[in-house]
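Asks: Here you go, work18.cif (mmCIF, C-alpha atoms):
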data_coords
loop_
_atom_site.group_PDB
_atom_site.id
_atom_site.type_symbol
_atom_site.label_atom_id
_atom_site.label_comp_id
_atom_site.auth_asym_id
_atom_site.auth_seq_id
_atom_site.Cartn_x
_atom_site.Cartn_y
_atom_site.Cartn_z
ATOM 1 C CA MET A 1 -47.927 -41.233 81.033
ATOM 2 C CA GLY A 2 -50.232 -41.174 84.022
ATOM 3 C CA PRO A 3 -51.239 -44.138 86.170
ATOM 4 C CA ASP A 4 -54.639 -44.308 84.468
ATOM 5 C CA GLN A 5 -53.170 -44.668 80.968
ATOM 6 C CA HIS A 6 -52.599 -48.021 79.305
ATOM 7 C CA LEU A 7 -49.542 -49.264 77.445
ATOM 8 C CA SER A 8 -49.670 -49.410 73.659
ATOM 9 C CA SER A 9 -49.774 -52.907 72.201
ATOM 10 C CA LYS A 10 -46.138 -52.639 71.027
ATOM 11 C CA THR A 11 -44.913 -51.375 74.408
ATOM 12 C CA ASN A 12 -46.826 -54.158 76.120
ATOM 13 C CA SER A 13 -45.208 -56.682 73.733
ATOM 14 C CA VAL A 14 -41.755 -55.359 74.664
ATOM 15 C CA LEU A 15 -42.604 -55.630 78.364
ATOM 16 C CA GLU A 16 -43.834 -59.212 77.908
ATOM 17 C CA ALA A 17 -40.614 -60.107 76.050
ATOM 18 C CA LEU A 18 -38.538 -58.661 78.905
ATOM 19 C CA VAL A 19 -40.495 -60.679 81.454
ATOM 20 C CA ARG A 20 -39.765 -63.863 79.475
ATOM 21 C CA GLU A 21 -36.037 -63.067 79.237
ATOM 22 C CA ASP A 22 -35.546 -62.545 82.996
ATOM 23 C CA ARG A 23 -32.024 -61.157 82.457
ATOM 24 C CA PHE A 24 -30.369 -57.946 81.339
ATOM 25 C CA ILE A 25 -30.586 -57.718 77.554
ATOM 26 C CA SER A 26 -29.769 -55.083 74.934
ATOM 27 C CA ALA A 27 -32.469 -53.484 72.805
ATOM 28 C CA GLY A 28 -30.947 -55.164 69.737
ATOM 29 C CA GLU A 29 -31.021 -58.620 71.326
ATOM 30 C CA LEU A 30 -34.583 -58.048 72.469
ATOM 31 C CA HIS A 31 -35.582 -56.907 68.974
ATOM 32 C CA LEU A 32 -34.036 -59.975 67.337
ATOM 33 C CA GLY A 33 -35.737 -62.277 69.842
ATOM 34 C CA MET A 34 -39.106 -60.684 69.233
ATOM 35 C CA ARG A 35 -38.676 -60.863 65.467
ATOM 36 C CA SER A 36 -37.649 -64.533 65.693
ATOM 37 C CA THR A 37 -41.022 -65.301 67.287
ATOM 38 C CA GLY A 38 -42.822 -63.676 64.354
ATOM 39 C CA GLN A 39 -43.581 -60.307 65.919
ATOM 40 C CA THR A 40 -43.519 -57.343 63.569
ATOM 41 C CA ILE A 41 -41.700 -54.561 65.397
ATOM 42 C CA SER A 42 -38.933 -52.158 64.434
ATOM 43 C CA LEU A 43 -35.792 -51.561 66.457
ATOM 44 C CA ILE A 44 -36.740 -47.891 66.977
ATOM 45 C CA THR A 45 -40.108 -49.001 68.392
ATOM 46 C CA VAL A 46 -38.280 -51.292 70.840
ATOM 47 C CA HIS A 47 -36.073 -48.355 71.900
ATOM 48 C CA ARG A 48 -39.091 -46.072 72.363
ATOM 49 C CA ALA A 49 -40.956 -48.728 74.332
ATOM 50 C CA LEU A 50 -37.946 -49.300 76.599
ATOM 51 C CA HIS A 51 -37.713 -45.542 77.205
ATOM 52 C CA THR A 52 -41.412 -45.428 78.152
ATOM 53 C CA LEU A 53 -41.076 -48.473 80.411
ATOM 54 C CA ARG A 54 -38.025 -46.971 82.099
ATOM 55 C CA LEU A 55 -39.911 -43.740 82.810
ATOM 56 C CA MET A 56 -42.701 -45.837 84.300
ATOM 57 C CA ARG A 57 -40.090 -47.657 86.429
ATOM 58 C CA LEU A 58 -41.068 -51.008 84.949
ATOM 59 C CA VAL A 59 -37.541 -51.831 83.747
ATOM 60 C CA ASP A 60 -34.090 -51.709 85.317
ATOM 61 C CA THR A 61 -31.266 -50.309 83.203
ATOM 62 C CA VAL A 62 -27.513 -50.832 83.431
ATOM 63 C CA VAL A 63 -24.835 -49.169 81.344
ATOM 64 C CA ASP A 64 -21.847 -51.337 80.447
ATOM 65 C CA GLU A 65 -18.351 -49.872 80.461
ATOM 66 C CA ASP A 66 -18.575 -49.433 76.681
ATOM 67 C CA GLY A 67 -21.677 -47.249 77.128
ATOM 68 C CA SER A 68 -24.217 -49.813 75.901
ATOM 69 C CA HIS A 69 -27.514 -50.065 77.767
ATOM 70 C CA ARG A 70 -29.083 -53.306 78.952
ATOM 71 C CA TYR A 71 -32.597 -53.723 80.275
ATOM 72 C CA ARG A 72 -34.619 -56.172 82.346
ATOM 73 C CA HIS A 73 -38.071 -56.238 83.853
ATOM 74 C CA CYS A 74 -38.034 -54.869 87.396
ATOM 75 C CA SER A 75 -38.413 -57.420 90.105
ATOM 76 C CA PRO A 76 -41.523 -57.009 92.262
ATOM 77 C CA THR A 77 -39.399 -56.281 95.333
ATOM 78 C CA PRO A 78 -36.522 -53.809 95.380
ATOM 79 C CA PRO A 79 -33.232 -55.558 94.624
ATOM 80 C CA PRO A 80 -30.352 -55.292 97.076
ATOM 81 C CA ALA A 81 -27.765 -52.603 96.424
ATOM 82 C CA PRO A 82 -25.634 -53.529 93.375
ATOM 83 C CA ARG A 83 -22.346 -55.227 94.192
ATOM 84 C CA LEU A 84 -19.499 -56.383 91.993
ATOM 85 C CA LEU A 85 -16.982 -58.820 93.417
ATOM 86 C CA GLY A 86 -18.258 -58.043 96.926
ATOM 87 C CA VAL A 87 -17.726 -54.294 96.575
ATOM 88 C CA PRO A 88 -20.674 -51.849 96.586
ATOM 89 C CA VAL A 89 -21.172 -50.023 93.287
ATOM 90 C CA ASP A 90 -20.910 -46.245 93.583
ATOM 91 C CA GLY A 91 -22.545 -43.770 91.265
ATOM 92 C CA GLY A 92 -25.547 -44.135 89.094
ATOM 93 C CA ASP A 93 -28.528 -41.885 88.844
ATOM 94 C CA PRO A 94 -31.245 -42.666 91.398
ATOM 95 C CA GLY A 95 -33.697 -40.524 89.440
ATOM 96 C CA THR A 96 -33.501 -42.739 86.361
ATOM 97 C CA GLY A 97 -32.471 -46.053 87.860
ATOM 98 C CA VAL A 98 -29.391 -46.205 85.588
ATOM 99 C CA VAL A 99 -26.319 -47.792 87.163
ATOM 100 C CA LYS A 100 -22.916 -47.783 85.495
ATOM 101 C CA VAL A 101 -21.324 -51.227 85.566
ATOM 102 C CA THR A 102 -17.550 -51.623 85.502
ATOM 103 C CA TYR A 103 -15.661 -54.884 85.373
ATOM 104 C CA ALA A 104 -12.536 -55.712 87.371
#
Have the structure of the file written as structure tokens, please.
Replies:
Amino acid sequence: MGPDQHLSSKTNSVLEALVREDRFISAGELHLGMRSTGQTISLITVHRALHTLRLMRLVDTVVDEDGSHRYRHCSPTPPPAPRLLGVPVDGGDPGTGVVKVTYA
């Protein structure tokens, strides 16, 4: 998707829902929240929209230790380097913005 292309209405709805959440959230949680507000959207459409938004660098993604992905709208300024319990987080894929999160 080039810079001159627009988001589909469903992808835009997913982005708006992420902005309202302002926290890391799973695709399933996001889907349920959107459905609870009366939006008609399938879980697969939420997943596809999140994939598109990630490629556009409009969402941050973390992977929990169990392998589940969580998403949030990117902040307008780059966040500081991830830290857990005061220790820098190593790893992750700078090309995709995915960071693996482990808990102590």
Asks: From the options A:His69, A:His51, A:Leu18, A:Ser13, which residue's atoms come nearest to Gly38 of chain A, counting all atoms listed in the file?
Replies: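 Closest to Gly38 of chain A of all the choices is A:Ser13.
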Asks: Mind checking which residues fall within 12 Å of His73 of chain A, counting all atoms listed in the file, ignoring those fewer than 3 positions away in the same chain, and posting them as a compact mmCIF listing (two decimals) with C-alpha atoms, keeping the file's coordinate frame?
Replies:
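Okay, selection32.txt is ready:
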# COMPACT_ATOMS: atom_id res chain seq x y z
CA ASN A 12 -46.83 -54.16 76.12
CA VAL A 14 -41.76 -55.36 74.66
CA LEU A 15 -42.60 -55.63 78.36
CA GLU A 16 -43.83 -59.21 77.91
CA ALA A 17 -40.61 -60.11 76.05
CA LEU A 18 -38.54 -58.66 78.90
CA VAL A 19 -40.49 -60.68 81.45
CA ARG A 20 -39.76 -63.86 79.47
CA GLU A 21 -36.04 -63.07 79.24
CA ASP A 22 -35.55 -62.54 83.00
CA ARG A 23 -32.02 -61.16 82.46
CA PHE A 24 -30.37 -57.95 81.34
CA ILE A 25 -30.59 -57.72 77.55
CA LEU A 50 -37.95 -49.30 76.60
CA LEU A 53 -41.08 -48.47 80.41
CA ARG A 54 -38.02 -46.97 82.10
CA MET A 56 -42.70 -45.84 84.30
CA ARG A 57 -40.09 -47.66 86.43
CA LEU A 58 -41.07 -51.01 84.95
CA VAL A 59 -37.54 -51.83 83.75
CA ASP A 60 -34.09 -51.71 85.32
CA THR A 61 -31.27 -50.31 83.20
CA VAL A 62 -27.51 -50.83 83.43
CA ARG A 70 -29.08 -53.31 78.95
CA PRO A 76 -41.52 -57.01 92.26
CA THR A 77 -39.40 -56.28 95.33
CA PRO A 78 -36.52 -53.81 95.38
CA PRO A 79 -33.23 -55.56 94.62
Asks: Have a look at atom CA of Val46 of chain A and atom CA of Gly67 of chain A and let me know their distance in Å, one decimal.
Replies: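 So the answer is 18.2 Å.
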Asks: Can you measure atom CA of Glu29 of chain A to atom CA of His6 of chain A for me? One decimal in Å is fine.
Replies: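 According to the coordinates, atom CA of Glu29 of chain A and atom CA of His6 of chain A are separated by 25.3 Å.
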Asks: For a test of reading the model, state the distance in Å between atom CA of Ala49 of chain A and atom CA of Lys10 of chain A, rounded to one decimal.
Replies: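 Taking atom CA of Ala49 of chain A as the start and atom CA of Lys10 of chain A as the end point, the length is 7.3 Å.
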Asks: Using only C-alpha atoms for the distances, tell me which of A:Asp66, A:Met34, A:Ala27, A:Ser9 is nearest to His47 of chain A.
Replies: A:Ala27
